[in-house]
file input-v3.cif (mmCIF, C-alpha atoms and all ligand atoms)
data_run
#
loop_
_atom_site.label_atom_id
_atom_site.label_comp_id
_atom_site.auth_asym_id
_atom_site.auth_seq_id
_atom_site.Cartn_x
_atom_site.Cartn_y
_atom_site.Cartn_z
CA MET D 4 4.12 3.93 -19.78
CA ILE D 5 6.42 6.05 -17.66
CA VAL D 6 7.83 4.41 -14.54
CA ILE D 7 8.77 6.51 -11.50
CA HIS D 8 11.26 5.01 -9.11
CA SER D 9 13.87 6.09 -6.59
CA GLU D 10 16.93 4.17 -5.44
CA GLU D 11 16.23 5.54 -1.96
CA HIS D 12 13.79 2.66 -1.46
CA ARG D 13 16.77 0.57 -0.28
CA LEU D 14 17.16 2.81 2.77
CA GLN D 15 14.24 0.83 4.20
CA ALA D 16 15.82 -2.55 4.96
CA GLY D 17 14.48 -3.91 8.22
CA ARG D 18 16.10 -6.93 9.80
CA SER D 19 13.11 -8.79 11.13
CA GLU D 20 9.37 -8.89 11.69
CA LEU D 21 7.28 -10.85 14.14
CA ASN D 22 5.61 -13.72 12.26
CA ASP D 23 4.14 -16.98 13.59
CA GLY D 24 5.67 -16.32 17.01
CA GLN D 25 9.19 -15.68 15.78
CA LEU D 26 11.33 -12.83 14.57
CA VAL D 27 11.96 -13.74 10.92
CA PRO D 28 13.75 -11.88 8.11
CA CYS D 29 11.54 -9.14 6.67
CA TYR D 30 9.48 -10.22 3.67
CA GLU D 31 9.25 -6.60 2.59
CA LYS D 32 12.85 -6.13 1.38
CA PRO D 33 14.80 -4.12 -1.22
CA ALA D 34 15.15 -7.08 -3.62
CA ARG D 35 11.41 -6.75 -4.31
CA ALA D 36 11.73 -3.38 -6.03
CA ASP D 37 15.01 -4.38 -7.71
CA ILE D 38 13.46 -7.34 -9.50
CA VAL D 39 10.46 -5.32 -10.65
CA ARG D 40 12.73 -2.61 -12.01
CA ALA D 41 14.93 -5.18 -13.75
CA ARG D 42 11.94 -6.78 -15.46
CA ILE D 43 10.58 -3.43 -16.58
CA GLU D 44 13.95 -2.57 -18.10
CA ALA D 45 14.19 -5.98 -19.77
CA ILE D 46 10.84 -5.65 -21.55
CA GLY D 47 11.26 -1.92 -22.29
CA LEU D 48 7.94 -0.94 -20.72
CA GLY D 49 8.92 2.73 -20.80
CA PRO D 50 11.36 5.32 -19.48
CA ILE D 51 12.24 5.15 -15.80
CA MET D 52 12.41 8.56 -14.14
CA GLU D 53 13.31 9.86 -10.69
CA PRO D 54 10.51 11.32 -8.55
CA THR D 55 10.22 15.07 -8.13
CA ARG D 56 10.40 16.21 -4.50
CA HIS D 57 6.99 17.42 -3.31
CA GLY D 58 7.74 18.21 0.33
CA ILE D 59 5.48 17.72 3.32
CA THR D 60 2.36 19.62 2.16
CA PRO D 61 0.79 16.86 0.03
CA LEU D 62 1.49 14.35 2.81
CA GLU D 63 -0.40 16.55 5.28
CA ARG D 64 -3.45 16.42 2.99
CA VAL D 65 -3.82 12.76 3.96
CA HIS D 66 -1.85 12.21 7.18
CA ASP D 67 -2.02 13.68 10.68
CA THR D 68 0.67 16.28 11.42
CA GLY D 69 1.58 14.72 14.76
CA TYR D 70 1.95 11.32 13.08
CA LEU D 71 4.24 12.74 10.39
CA GLY D 72 6.35 14.39 13.09
CA PHE D 73 6.58 11.06 14.92
CA LEU D 74 7.76 9.26 11.76
CA GLN D 75 10.48 11.84 11.18
CA THR D 76 12.01 11.58 14.66
CA ALA D 77 11.12 8.04 15.78
CA TRP D 78 14.43 6.48 14.72
CA ASP D 79 16.58 9.09 16.47
CA GLU D 80 14.54 8.73 19.65
CA TRP D 81 14.80 4.94 19.44
CA VAL D 82 18.61 5.12 19.09
CA VAL D 83 18.90 7.22 22.25
CA GLU D 84 16.93 4.59 24.16
CA HIS D 85 18.03 1.30 22.58
CA GLY D 86 20.95 1.94 20.24
CA ALA D 87 21.30 1.84 16.46
CA ASP D 88 21.91 -1.93 16.15
CA ILE D 89 18.26 -2.89 16.65
CA ASP D 90 15.25 -1.99 14.49
CA ALA D 91 12.45 -0.12 16.23
CA LEU D 92 9.45 -2.40 16.80
CA PRO D 93 6.42 -1.73 18.98
CA LEU D 94 5.56 -4.04 21.85
CA ASN D 95 2.07 -3.13 23.02
CA TRP D 96 -1.13 -1.48 21.85
CA VAL D 97 -4.31 0.01 23.18
CA ALA D 98 -7.22 -2.36 23.79
CA PRO D 99 -10.88 -1.35 24.20
CA GLY D 100 -11.33 0.45 27.51
CA MET D 101 -7.81 1.88 27.56
CA SER D 102 -7.40 5.57 26.85
CA ARG D 103 -5.91 6.79 23.58
CA ARG D 104 -6.35 10.44 24.54
CA ARG D 105 -2.76 11.03 25.61
CA VAL D 106 0.17 10.49 23.29
CA PRO D 107 2.86 8.73 25.36
CA ARG D 108 6.17 10.54 25.76
CA SER D 109 8.57 7.59 25.57
CA ILE D 110 9.46 6.23 22.16
CA ASP D 111 8.25 2.73 23.07
CA GLY D 112 4.86 4.12 24.03
CA ARG D 113 4.62 6.18 20.87
CA LEU D 114 5.60 3.26 18.62
CA GLY D 115 2.58 1.40 20.00
CA TYR D 116 0.37 4.48 19.84
CA TYR D 117 0.95 5.02 16.11
CA SER D 118 1.05 1.40 14.88
CA PHE D 119 -1.12 -1.71 14.62
CA ASP D 120 1.32 -4.58 14.19
CA ALA D 121 4.79 -5.88 15.02
CA GLY D 122 5.76 -6.58 11.43
CA THR D 123 6.80 -3.09 10.43
CA PRO D 124 10.26 -2.08 11.68
CA ILE D 125 11.33 1.56 11.68
CA THR D 126 14.99 1.89 10.66
CA ALA D 127 17.49 4.70 10.09
CA GLY D 128 16.27 5.13 6.50
CA THR D 129 12.53 4.63 6.91
CA TRP D 130 11.51 8.27 6.60
CA ARG D 131 13.67 8.91 3.53
CA ALA D 132 12.55 5.73 1.79
CA ALA D 133 8.89 6.35 2.60
CA THR D 134 9.00 9.96 1.38
CA ALA D 135 10.76 8.89 -1.84
CA ALA D 136 7.92 6.40 -2.41
CA ALA D 137 5.26 9.05 -1.75
CA ASP D 138 7.10 11.42 -4.11
CA SER D 139 7.06 8.68 -6.77
CA ALA D 140 3.27 8.38 -6.45
CA LEU D 141 2.90 12.17 -6.56
CA THR D 142 5.11 12.40 -9.64
CA GLY D 143 2.98 9.72 -11.29
CA ALA D 144 -0.18 11.68 -10.43
CA ALA D 145 1.40 14.72 -12.09
CA ARG D 146 1.94 12.66 -15.27
CA LEU D 147 -1.79 11.85 -15.34
CA ARG D 148 -2.62 15.51 -14.84
CA ALA D 149 -0.33 16.30 -17.79
CA GLY D 150 -2.39 13.96 -19.95
CA ASP D 151 -0.68 10.56 -19.80
CA ARG D 152 -3.05 7.58 -20.05
CA SER D 153 -1.09 5.71 -17.40
CA ALA D 154 1.99 5.73 -15.18
CA PHE D 155 3.61 3.28 -12.78
CA ALA D 156 4.94 4.47 -9.42
CA LEU D 157 7.32 1.72 -8.35
CA CYS D 158 6.97 2.51 -4.65
CA ARG D 159 8.73 0.82 -1.77
CA PRO D 160 7.89 0.65 1.11
CA PRO D 161 4.22 0.06 0.22
CA GLY D 162 1.43 2.25 1.56
CA HIS D 163 -2.13 0.86 1.61
CA HIS D 164 -2.15 -0.21 5.29
CA ALA D 165 -1.04 3.24 6.51
CA GLY D 166 -3.91 5.38 7.80
CA ARG D 167 -4.25 9.03 8.69
CA ALA D 168 -2.28 8.50 11.92
CA PHE D 169 -1.03 4.92 11.96
CA TYR D 170 1.50 2.61 10.32
CA GLY D 171 1.59 -1.19 9.98
CA GLY D 172 1.60 -3.96 7.40
CA TYR D 173 5.00 -2.74 6.11
CA CYS D 174 3.43 0.67 5.30
CA PHE D 175 4.19 4.17 6.67
CA LEU D 176 2.86 6.71 4.16
CA ASN D 177 -0.18 5.85 2.07
CA ASN D 178 1.26 6.43 -1.39
CA ALA D 179 -1.98 5.62 -3.23
CA ALA D 180 -4.10 7.87 -1.00
CA ILE D 181 -1.58 10.70 -1.28
CA ALA D 182 -1.72 10.38 -5.08
CA ALA D 183 -5.53 10.18 -5.15
CA GLN D 184 -5.78 13.33 -3.02
CA SER D 185 -3.30 15.13 -5.25
CA LEU D 186 -5.41 14.24 -8.30
CA ARG D 187 -8.44 15.73 -6.54
CA ASP D 188 -6.47 18.83 -5.62
CA GLY D 189 -5.28 19.08 -9.22
CA GLY D 190 -8.83 19.27 -10.53
CA ALA D 191 -10.19 15.74 -10.85
CA GLY D 192 -13.77 15.89 -9.57
CA ARG D 193 -13.96 12.23 -8.59
CA VAL D 194 -11.22 9.66 -8.14
CA ALA D 195 -11.47 5.90 -7.69
CA VAL D 196 -8.91 3.76 -5.89
CA LEU D 197 -8.93 0.06 -6.78
CA ASP D 198 -6.82 -2.12 -4.50
CA VAL D 199 -5.94 -5.56 -5.88
CA ASP D 200 -3.37 -6.44 -3.21
CA TYR D 201 -4.15 -9.75 -1.46
CA HIS D 202 -4.60 -7.87 1.84
CA HIS D 203 -7.34 -5.35 2.56
CA GLY D 204 -6.18 -1.75 2.14
CA ASN D 205 -7.36 -0.72 5.57
CA GLY D 206 -5.37 2.54 5.58
CA THR D 207 -6.87 3.76 2.32
CA GLN D 208 -10.34 2.78 3.51
CA GLU D 209 -9.87 4.73 6.73
CA ILE D 210 -8.55 7.84 4.98
CA PHE D 211 -11.48 8.08 2.55
CA TRP D 212 -14.16 6.55 4.83
CA GLU D 213 -16.27 9.72 5.01
CA ARG D 214 -15.48 10.97 1.52
CA GLY D 215 -18.00 10.84 -1.28
CA ASP D 216 -15.54 12.16 -3.87
CA VAL D 217 -13.10 9.24 -3.61
CA LEU D 218 -14.42 5.72 -4.20
CA PHE D 219 -12.43 2.92 -2.55
CA VAL D 220 -12.82 -0.61 -3.92
CA SER D 221 -10.71 -3.47 -2.55
CA ILE D 222 -10.53 -7.12 -3.60
CA HIS D 223 -8.82 -9.17 -0.89
CA ALA D 224 -8.72 -12.26 1.28
CA ASP D 225 -11.61 -12.38 3.76
CA PRO D 226 -10.39 -10.65 6.96
CA THR D 227 -12.22 -13.29 8.98
CA ASP D 228 -9.20 -15.45 8.14
CA GLU D 229 -6.52 -13.05 7.04
CA PHE D 230 -4.49 -9.97 7.98
CA PRO D 231 -5.45 -7.23 8.83
CA TYR D 232 -8.30 -9.18 10.52
CA PHE D 233 -10.16 -6.20 12.01
CA CYS D 234 -11.39 -4.51 8.90
CA GLY D 235 -12.14 -5.16 5.25
CA HIS D 236 -15.50 -6.89 5.66
CA ALA D 237 -18.16 -6.65 2.96
CA ASP D 238 -20.55 -4.72 5.22
CA GLU D 239 -18.13 -1.78 5.54
CA THR D 240 -19.58 0.70 3.05
CA GLY D 241 -18.42 4.13 4.29
CA ALA D 242 -20.07 6.76 6.47
CA GLY D 243 -21.50 10.27 6.19
CA ALA D 244 -20.79 11.77 2.79
CA GLY D 245 -18.84 8.58 2.04
CA GLU D 246 -21.74 6.20 2.63
CA GLY D 247 -21.76 3.87 -0.38
CA ALA D 248 -18.32 4.97 -1.61
CA ASN D 249 -16.48 2.01 -0.07
CA LEU D 250 -16.72 -1.49 -1.52
CA ASN D 251 -14.99 -4.53 -0.04
CA LEU D 252 -15.02 -7.67 -2.18
CA THR D 253 -13.82 -10.51 0.06
CA LEU D 254 -12.64 -13.82 -1.35
CA PRO D 255 -11.76 -17.12 0.32
CA TRP D 256 -8.35 -18.71 0.67
CA GLY D 257 -7.62 -20.77 -2.43
CA THR D 258 -9.18 -18.25 -4.84
CA ASP D 259 -8.05 -18.79 -8.44
CA TRP D 260 -8.58 -16.70 -11.57
CA SER D 261 -12.07 -18.06 -12.28
CA ILE D 262 -13.27 -16.65 -8.95
CA TYR D 263 -11.04 -13.59 -8.96
CA ALA D 264 -12.19 -12.49 -12.43
CA GLN D 265 -15.80 -12.19 -11.21
CA ALA D 266 -14.81 -9.91 -8.35
CA LEU D 267 -12.69 -7.81 -10.69
CA ALA D 268 -15.64 -7.46 -13.08
CA ALA D 269 -17.85 -6.31 -10.20
CA ALA D 270 -15.19 -3.81 -9.11
CA ALA D 271 -14.89 -2.45 -12.66
CA GLU D 272 -18.65 -2.02 -12.93
CA ARG D 273 -18.82 -0.11 -9.65
CA ILE D 274 -15.98 2.19 -10.70
CA ARG D 275 -17.60 2.91 -14.08
CA ASP D 276 -20.92 3.71 -12.36
CA PHE D 277 -19.16 6.09 -9.96
CA GLY D 278 -18.09 8.34 -12.83
CA ALA D 279 -14.48 8.84 -11.76
CA ASP D 280 -12.11 11.04 -13.73
CA ALA D 281 -9.03 9.01 -12.78
CA LEU D 282 -8.11 5.66 -11.26
CA VAL D 283 -5.38 4.90 -8.73
CA LEU D 284 -4.55 1.20 -8.78
CA SER D 285 -2.98 -0.24 -5.63
CA LEU D 286 -0.97 -3.01 -7.27
CA GLY D 287 -0.04 -5.88 -5.00
CA ALA D 288 0.98 -9.13 -6.66
CA ASP D 289 0.69 -11.21 -3.50
CA THR D 290 -2.43 -12.85 -4.99
CA TYR D 291 0.09 -15.07 -6.80
CA GLY D 292 -0.03 -18.80 -6.00
CA GLY D 293 3.67 -18.80 -5.12
CA ASP D 294 3.45 -16.01 -2.57
CA PRO D 295 5.00 -17.11 0.75
CA ILE D 296 2.57 -15.26 3.07
CA SER D 297 -0.65 -15.39 1.05
CA ARG D 298 -3.22 -17.99 0.00
CA PHE D 299 -4.69 -17.12 -3.39
CA ARG D 300 -3.73 -19.08 -6.50
CA LEU D 301 -3.29 -16.69 -9.41
CA LEU D 302 -0.82 -17.74 -12.11
CA SER D 303 1.66 -15.43 -13.81
CA GLU D 304 -0.46 -15.33 -16.99
CA ASP D 305 -3.52 -14.30 -14.95
CA PHE D 306 -1.81 -10.98 -14.25
CA LEU D 307 -1.98 -10.20 -17.99
CA ARG D 308 -5.74 -10.74 -17.80
CA MET D 309 -5.89 -8.55 -14.71
CA GLY D 310 -4.19 -5.70 -16.58
CA ALA D 311 -6.56 -6.03 -19.52
CA ALA D 312 -9.59 -5.94 -17.21
CA ILE D 313 -8.23 -2.77 -15.56
CA ALA D 314 -7.77 -1.18 -18.99
CA GLY D 315 -11.42 -2.03 -19.68
CA ILE D 316 -12.47 0.41 -16.95
CA GLY D 317 -11.40 3.07 -19.42
CA LEU D 318 -9.83 5.63 -17.07
CA PRO D 319 -6.43 7.34 -16.86
CA THR D 320 -4.68 5.02 -14.43
CA LEU D 321 -1.85 5.48 -11.96
CA PHE D 322 -0.43 2.14 -10.82
CA VAL D 323 1.11 2.27 -7.34
CA MET D 324 3.21 -0.67 -6.14
CA GLU D 325 1.99 -2.39 -2.95
CA GLY D 326 2.78 -5.99 -1.84
CA GLY D 327 4.07 -9.21 -3.39
CA TYR D 328 6.69 -11.39 -1.71
CA ALA D 329 7.46 -14.22 -4.14
CA VAL D 330 10.50 -12.20 -5.13
CA ASP D 331 11.74 -14.41 -8.00
CA ASP D 332 8.45 -14.10 -9.89
CA LEU D 333 7.42 -10.63 -8.74
CA GLY D 334 9.00 -8.82 -11.69
CA VAL D 335 7.14 -10.93 -14.25
CA ASN D 336 3.84 -10.74 -12.38
CA VAL D 337 3.89 -6.96 -11.94
CA ALA D 338 5.11 -6.33 -15.50
CA ASN D 339 2.33 -8.63 -16.77
CA VAL D 340 -0.33 -6.39 -15.22
CA LEU D 341 1.21 -3.34 -16.87
CA THR D 342 1.64 -4.93 -20.31
CA GLY D 343 -1.83 -6.47 -20.05
CA PHE D 344 -3.13 -2.93 -19.44
CA GLU D 345 -1.24 -1.47 -22.38
CA GLN D 346 -2.50 -4.17 -24.75
CA GLY D 347 -6.03 -4.14 -23.30
C1 LIG K 401 1.43 -6.01 3.47
B1 LIG K 401 0.85 -5.80 2.07
C2 LIG K 401 1.71 -13.63 7.77
C3 LIG K 401 2.03 -12.33 8.47
C4 LIG K 401 1.50 -11.15 7.71
C5 LIG K 401 1.65 -8.71 7.60
C6 LIG K 401 1.36 -8.74 6.16
C7 LIG K 401 1.43 -7.36 5.56
C8 LIG K 401 1.10 -7.32 4.11
N1 LIG K 401 1.93 -14.75 8.61
N2 LIG K 401 2.05 -9.94 8.20
O1 LIG K 401 -0.55 -5.70 2.02
O2 LIG K 401 1.27 -6.77 1.10
ZN ZN K 402 -0.54 -7.49 0.60
#

call {"tool": "encode", "arguments": {"input": "input-v3.cif", "output": "structure tokens", "more": "lines below"}}
Ligand code: OKP
Ligand code: ZN
result
Amino acid sequence: MIVIHSEEHRLQAGRSELNDGQLVPCYEKPARADIVRARIEAIGLGPIMEPTRHGITPLERVHDTGYLGFLQTAWDEWVVEHGADIDALPLNWVAPGMSRRRVPRSIDGRLGYYSFDAGTPITAGTWRAATAAADSALTGAARLRAGDRSAFALCRPPGHHAGRAFYGGYCFLNNAAIAAQSLRDGGAGRVAVLDVDYHHGNGTQEIFWERGDVLFVSIHADPTDEFPYFCGHADETGAGAGEGANLNLTLPWGTDWSIYAQALAAAAERIRDFGADALVLSLGADTYGGDPISRFRLLSEDFLRMGAAIAGIGLPTLFVMEGGYAVDDLGVNVANVLTGFEQG
């Protein structure tokens, strides 16, 4: 399978995120993509190509124009206020009863306005890295349109927590949603997005919440206990034309393959029933037992089984890289999904 990847991912290299009451080194770091790329080269999965530039138009199909403008200028505005030696992090957010009607003018106010956590630093290279990742997903979608059975967009930073007008959870542009929309615009009547990252893909859910033409299915740690906490529950099923086109399969901390496999089978059945023409697979490998911020217990060999189960859905599939923070084993785990798919 063709792999699409840009070196520009390394332009996103934040210093620190707020975690457990402390500023700690960012878990979402360039070494993650480097080890996945190295493993893919080592096993000869397929040719690695640069993304084609797609410009702003396909991003505007999924994201708010004001939000995209904010992302493009946020770093420069931050530097004027606070200097270039510190990453831009938000400090406060709107609570119920406060107004969200006005967009603040100051950069600190706008960082809070457009975000939902303090774990996602904006740096000098954020916009370029994020657009290179979105372009990778779009280039992968173009491969599917051209007839490929599968493609892997090795995106970094990830995307599934980014909504129409918000960033957070290490995500700025929703690469998977941008790709799914481009498949629709390219003629696919129905598209399914399956998110196997350990965390709920709240951004993707929000973007397609009222859409009946894009099914969103996510398998993740129960948000009662886990980030992003405020959405991803099983009773969230979509609204309006999208009622019934959103499926959240929540699993407890400690989940191993025997439990995970049942959820994956249920997800596959729902996607087959939906009658999609293409599948976008949000591929996080933070379900791994060795992941430093997550609490599932999948083994490296389970990722082969995961890939085979995804192949069993029987759709042209675009894999889009999301999370996974056990860097030493991330290459093997991600490559196992892809080889499991190819053999499945
Ligand atoms: C991004 B992706 C744990 C802090 C978690 C945010 C996690 C973002 C995950 N103590 N902070 O879905 O892998
Ligand atoms: Zn995750």

call {"tool": "closest_atom_pairs", "arguments": {"input": "input-v3.cif", "of": "chain D", "to": "ligand LIG 401 (chain K)", "cutoff": "8 Å", "atoms": "only C-alpha atoms and all ligand atoms", "output": "tab-separated table"}}
result
residue	atom	partner	partner_atom	distance
D:Leu21	CA	K:LIG401	C3	7.9
D:Asn22	CA	K:LIG401	N1	5.3
D:Asp23	CA	K:LIG401	N1	5.9
D:Glu31	CA	K:LIG401	C1	7.9
D:Asp120	CA	K:LIG401	C5	7.8
D:Gly122	CA	K:LIG401	N2	6.0
D:Pro161	CA	K:LIG401	B1	7.0
D:His163	CA	K:LIG401	O1	6.8
D:His164	CA	K:LIG401	O1	6.6
D:Gly171	CA	K:LIG401	C7	7.6
D:Gly172	CA	K:LIG401	C7	3.9
D:Tyr173	CA	K:LIG401	C1	5.5
D:Cys174	CA	K:LIG401	C1	7.2
D:Asp200	CA	K:LIG401	O1	6.0
D:Tyr201	CA	K:LIG401	O1	6.4
D:His202	CA	K:LIG401	O1	4.6
D:His203	CA	K:LIG401	O1	6.8
D:Gly204	CA	K:LIG401	O1	6.9
D:Phe230	CA	K:LIG401	C4	6.1
D:Pro231	CA	K:LIG401	C5	7.4
D:Gly287	CA	K:LIG401	O2	6.3
D:Asp289	CA	K:LIG401	O2	6.4
D:Ile296	CA	K:LIG401	C2	5.0
D:Ser297	CA	K:LIG401	C2	7.3
D:Glu325	CA	K:LIG401	O2	6.0
D:Gly326	CA	K:LIG401	O2	3.4
D:Gly327	CA	K:LIG401	O2	5.8
D:Tyr328	CA	K:LIG401	O2	7.7

call {"tool": "write_last_selection", "arguments": {"input": "input-v3.cif", "atoms": "C-alpha atoms", "output": "mmCIF file, in the coordinates of the input"}}
result
data_model
loop_
_atom_site.group_PDB
_atom_site.id
_atom_site.type_symbol
_atom_site.label_atom_id
_atom_site.label_comp_id
_atom_site.auth_asym_id
_atom_site.auth_seq_id
_atom_site.Cartn_x
_atom_site.Cartn_y
_atom_site.Cartn_z
ATOM 1 C CA LEU D 21 7.280 -10.850 14.140
ATOM 2 C CA ASN D 22 5.610 -13.720 12.260
ATOM 3 C CA ASP D 23 4.140 -16.980 13.590
ATOM 4 C CA GLU D 31 9.250 -6.600 2.590
ATOM 5 C CA ASP D 120 1.320 -4.580 14.190
ATOM 6 C CA GLY D 122 5.760 -6.580 11.430
ATOM 7 C CA PRO D 161 4.220 0.060 0.220
ATOM 8 C CA HIS D 163 -2.130 0.860 1.610
ATOM 9 C CA HIS D 164 -2.150 -0.210 5.290
ATOM 10 C CA GLY D 171 1.590 -1.190 9.980
ATOM 11 C CA GLY D 172 1.600 -3.960 7.400
ATOM 12 C CA TYR D 173 5.000 -2.740 6.110
ATOM 13 C CA CYS D 174 3.430 0.670 5.300
ATOM 14 C CA ASP D 200 -3.370 -6.440 -3.210
ATOM 15 C CA TYR D 201 -4.150 -9.750 -1.460
ATOM 16 C CA HIS D 202 -4.600 -7.870 1.840
ATOM 17 C CA HIS D 203 -7.340 -5.350 2.560
ATOM 18 C CA GLY D 204 -6.180 -1.750 2.140
ATOM 19 C CA PHE D 230 -4.490 -9.970 7.980
ATOM 20 C CA PRO D 231 -5.450 -7.230 8.830
ATOM 21 C CA GLY D 287 -0.040 -5.880 -5.000
ATOM 22 C CA ASP D 289 0.690 -11.210 -3.500
ATOM 23 C CA ILE D 296 2.570 -15.260 3.070
ATOM 24 C CA SER D 297 -0.650 -15.390 1.050
ATOM 25 C CA GLU D 325 1.990 -2.390 -2.950
ATOM 26 C CA GLY D 326 2.780 -5.990 -1.840
ATOM 27 C CA GLY D 327 4.070 -9.210 -3.390
ATOM 28 C CA TYR D 328 6.690 -11.390 -1.710
#

call {"tool": "atom_distance", "arguments": {"input": "input-v3.cif", "atom1": "atom CA of D:Gly243", "atom2": "atom CA of D:Thr207"}}
result
16.5 Å

call {"tool": "closest_residue", "arguments": {"input": "input-v3.cif", "among": "D:Thr320, D:Ser185, D:Thr76, D:Ser221", "to": "ligand ZN 402 (chain K)", "atoms": "only C-alpha atoms and all ligand atoms"}}
result
D:Ser221

call {"tool": "closest_residue", "arguments": {"input": "input-v3.cif", "among": "D:Gly162, D:Gly257, D:Pro33, D:Gly278", "to": "ligand ZN 402 (chain K)", "atoms": "all atoms listed in the file"}}
result
D:Gly162

call {"tool": "residues_around", "arguments": {"input": "input-v3.cif", "residues": "D:Arg131", "least_positions_apart": "3", "cutoff": "10 Å", "atoms": "all atoms listed in the file", "output": "number ranges by chain"}}
result
D: 11-15, 75, 127-128, 134-137

call {"tool": "residues_around", "arguments": {"input": "input-v3.cif", "residues": "D:Val65", "least_positions_apart": "2", "cutoff": "10 Å", "atoms": "only C-alpha atoms", "output": "list in words"}}
result
Thr60, Pro61, Leu62, Glu63, Asp67, Thr68, Gly166, Arg167, Ala168, Leu176, Asn177, Asn178, Ala180, Ile181, Ala182, Ala183, Gln184, Ser185, Thr207, Ile210 and Phe211 of chain D

call {"tool": "closest_residue", "arguments": {"input": "input-v3.cif", "among": "D:Pro93, D:Pro124, D:Gly143, D:Gly112", "to": "D:Pro54", "atoms": "all atoms listed in the file"}}
result
D:Gly143

call {"tool": "atom_distance", "arguments": {"input": "input-v3.cif", "atom1": "atom CA of D:Pro295", "atom2": "atom CA of D:Val39"}}
result
17.3 Å

call {"tool": "residues_near_point", "arguments": {"input": "input-v3.cif", "point": "(-0.2, 3.1, 24.1)", "cutoff": "12 Å", "atoms": "all atoms listed in the file", "output": "PyMOL selection string"}}
result
chain D and resi 93-119

call {"tool": "write_last_selection", "arguments": {"input": "input-v3.cif", "atoms": "C-alpha atoms", "output": "PDB file, keeping the file's coordinate frame"}}
result
ATOM      1  CA  PRO D  93       6.420  -1.730  18.980  1.00  0.00           C
ATOM      2  CA  LEU D  94       5.560  -4.040  21.850  1.00  0.00           C
ATOM      3  CA  ASN D  95       2.070  -3.130  23.020  1.00  0.00           C
ATOM      4  CA  TRP D  96      -1.130  -1.480  21.850  1.00  0.00           C
ATOM      5  CA  VAL D  97      -4.310   0.010  23.180  1.00  0.00           C
ATOM      6  CA  ALA D  98      -7.220  -2.360  23.790  1.00  0.00           C
ATOM      7  CA  PRO D  99     -10.880  -1.350  24.200  1.00  0.00           C
ATOM      8  CA  GLY D 100     -11.330   0.450  27.510  1.00  0.00           C
ATOM      9  CA  MET D 101      -7.810   1.880  27.560  1.00  0.00           C
ATOM     10  CA  SER D 102      -7.400   5.570  26.850  1.00  0.00           C
ATOM     11  CA  ARG D 103      -5.910   6.790  23.580  1.00  0.00           C
ATOM     12  CA  ARG D 104      -6.350  10.440  24.540  1.00  0.00           C
ATOM     13  CA  ARG D 105      -2.760  11.030  25.610  1.00  0.00           C
ATOM     14  CA  VAL D 106       0.170  10.490  23.290  1.00  0.00           C
ATOM     15  CA  PRO D 107       2.860   8.730  25.360  1.00  0.00           C
ATOM     16  CA  ARG D 108       6.170  10.540  25.760  1.00  0.00           C
ATOM     17  CA  SER D 109       8.570   7.590  25.570  1.00  0.00           C
ATOM     18  CA  ILE D 110       9.460   6.230  22.160  1.00  0.00           C
ATOM     19  CA  ASP D 111       8.250   2.730  23.070  1.00  0.00           C
ATOM     20  CA  GLY D 112       4.860   4.120  24.030  1.00  0.00           C
ATOM     21  CA  ARG D 113       4.620   6.180  20.870  1.00  0.00           C
ATOM     22  CA  LEU D 114       5.600   3.260  18.620  1.00  0.00           C
ATOM     23  CA  GLY D 115       2.580   1.400  20.000  1.00  0.00           C
ATOM     24  CA  TYR D 116       0.370   4.480  19.840  1.00  0.00           C
ATOM     25  CA  TYR D 117       0.950   5.020  16.110  1.00  0.00           C
ATOM     26  CA  SER D 118       1.050   1.400  14.880  1.00  0.00           C
ATOM     27  CA  PHE D 119      -1.120  -1.710  14.620  1.00  0.00           C
TER      28      PHE D 119
END

call {"tool": "residues_near_point", "arguments": {"input": "input-v3.cif", "point": "(5.6, 3.2, -22.6)", "cutoff": "7 Å", "atoms": "only C-alpha atoms", "output": "VMD selection string"}}
result
chain D and resid 4 to 5 48 to 50

call {"tool": "atom_distance", "arguments": {"input": "input-v3.cif", "atom1": "atom CA of D:Ala16", "atom2": "atom CA of D:Ile222"}}
result
28.1 Å

call {"tool": "residues_around", "arguments": {"input": "input-v3.cif", "residues": "D:Ala91", "least_positions_apart": "4", "cutoff": "10 Å", "atoms": "all atoms listed in the file", "output": "PDB file with C-alpha atoms, in the coordinates of the input"}}
result
ATOM      1  CA  GLY D  17      14.480  -3.910   8.220  1.00  0.00           C
ATOM      2  CA  ALA D  77      11.120   8.040  15.780  1.00  0.00           C
ATOM      3  CA  TRP D  78      14.430   6.480  14.720  1.00  0.00           C
ATOM      4  CA  GLU D  80      14.540   8.730  19.650  1.00  0.00           C
ATOM      5  CA  TRP D  81      14.800   4.940  19.440  1.00  0.00           C
ATOM      6  CA  VAL D  82      18.610   5.120  19.090  1.00  0.00           C
ATOM      7  CA  HIS D  85      18.030   1.300  22.580  1.00  0.00           C
ATOM      8  CA  GLY D  86      20.950   1.940  20.240  1.00  0.00           C
ATOM      9  CA  ALA D  87      21.300   1.840  16.460  1.00  0.00           C
ATOM     10  CA  ILE D 110       9.460   6.230  22.160  1.00  0.00           C
ATOM     11  CA  ASP D 111       8.250   2.730  23.070  1.00  0.00           C
ATOM     12  CA  LEU D 114       5.600   3.260  18.620  1.00  0.00           C
ATOM     13  CA  ALA D 121       4.790  -5.880  15.020  1.00  0.00           C
ATOM     14  CA  THR D 123       6.800  -3.090  10.430  1.00  0.00           C
ATOM     15  CA  PRO D 124      10.260  -2.080  11.680  1.00  0.00           C
ATOM     16  CA  ILE D 125      11.330   1.560  11.680  1.00  0.00           C
ATOM     17  CA  THR D 126      14.990   1.890  10.660  1.00  0.00           C
ATOM     18  CA  ALA D 127      17.490   4.700  10.090  1.00  0.00           C
TER      19      ALA D 127
END
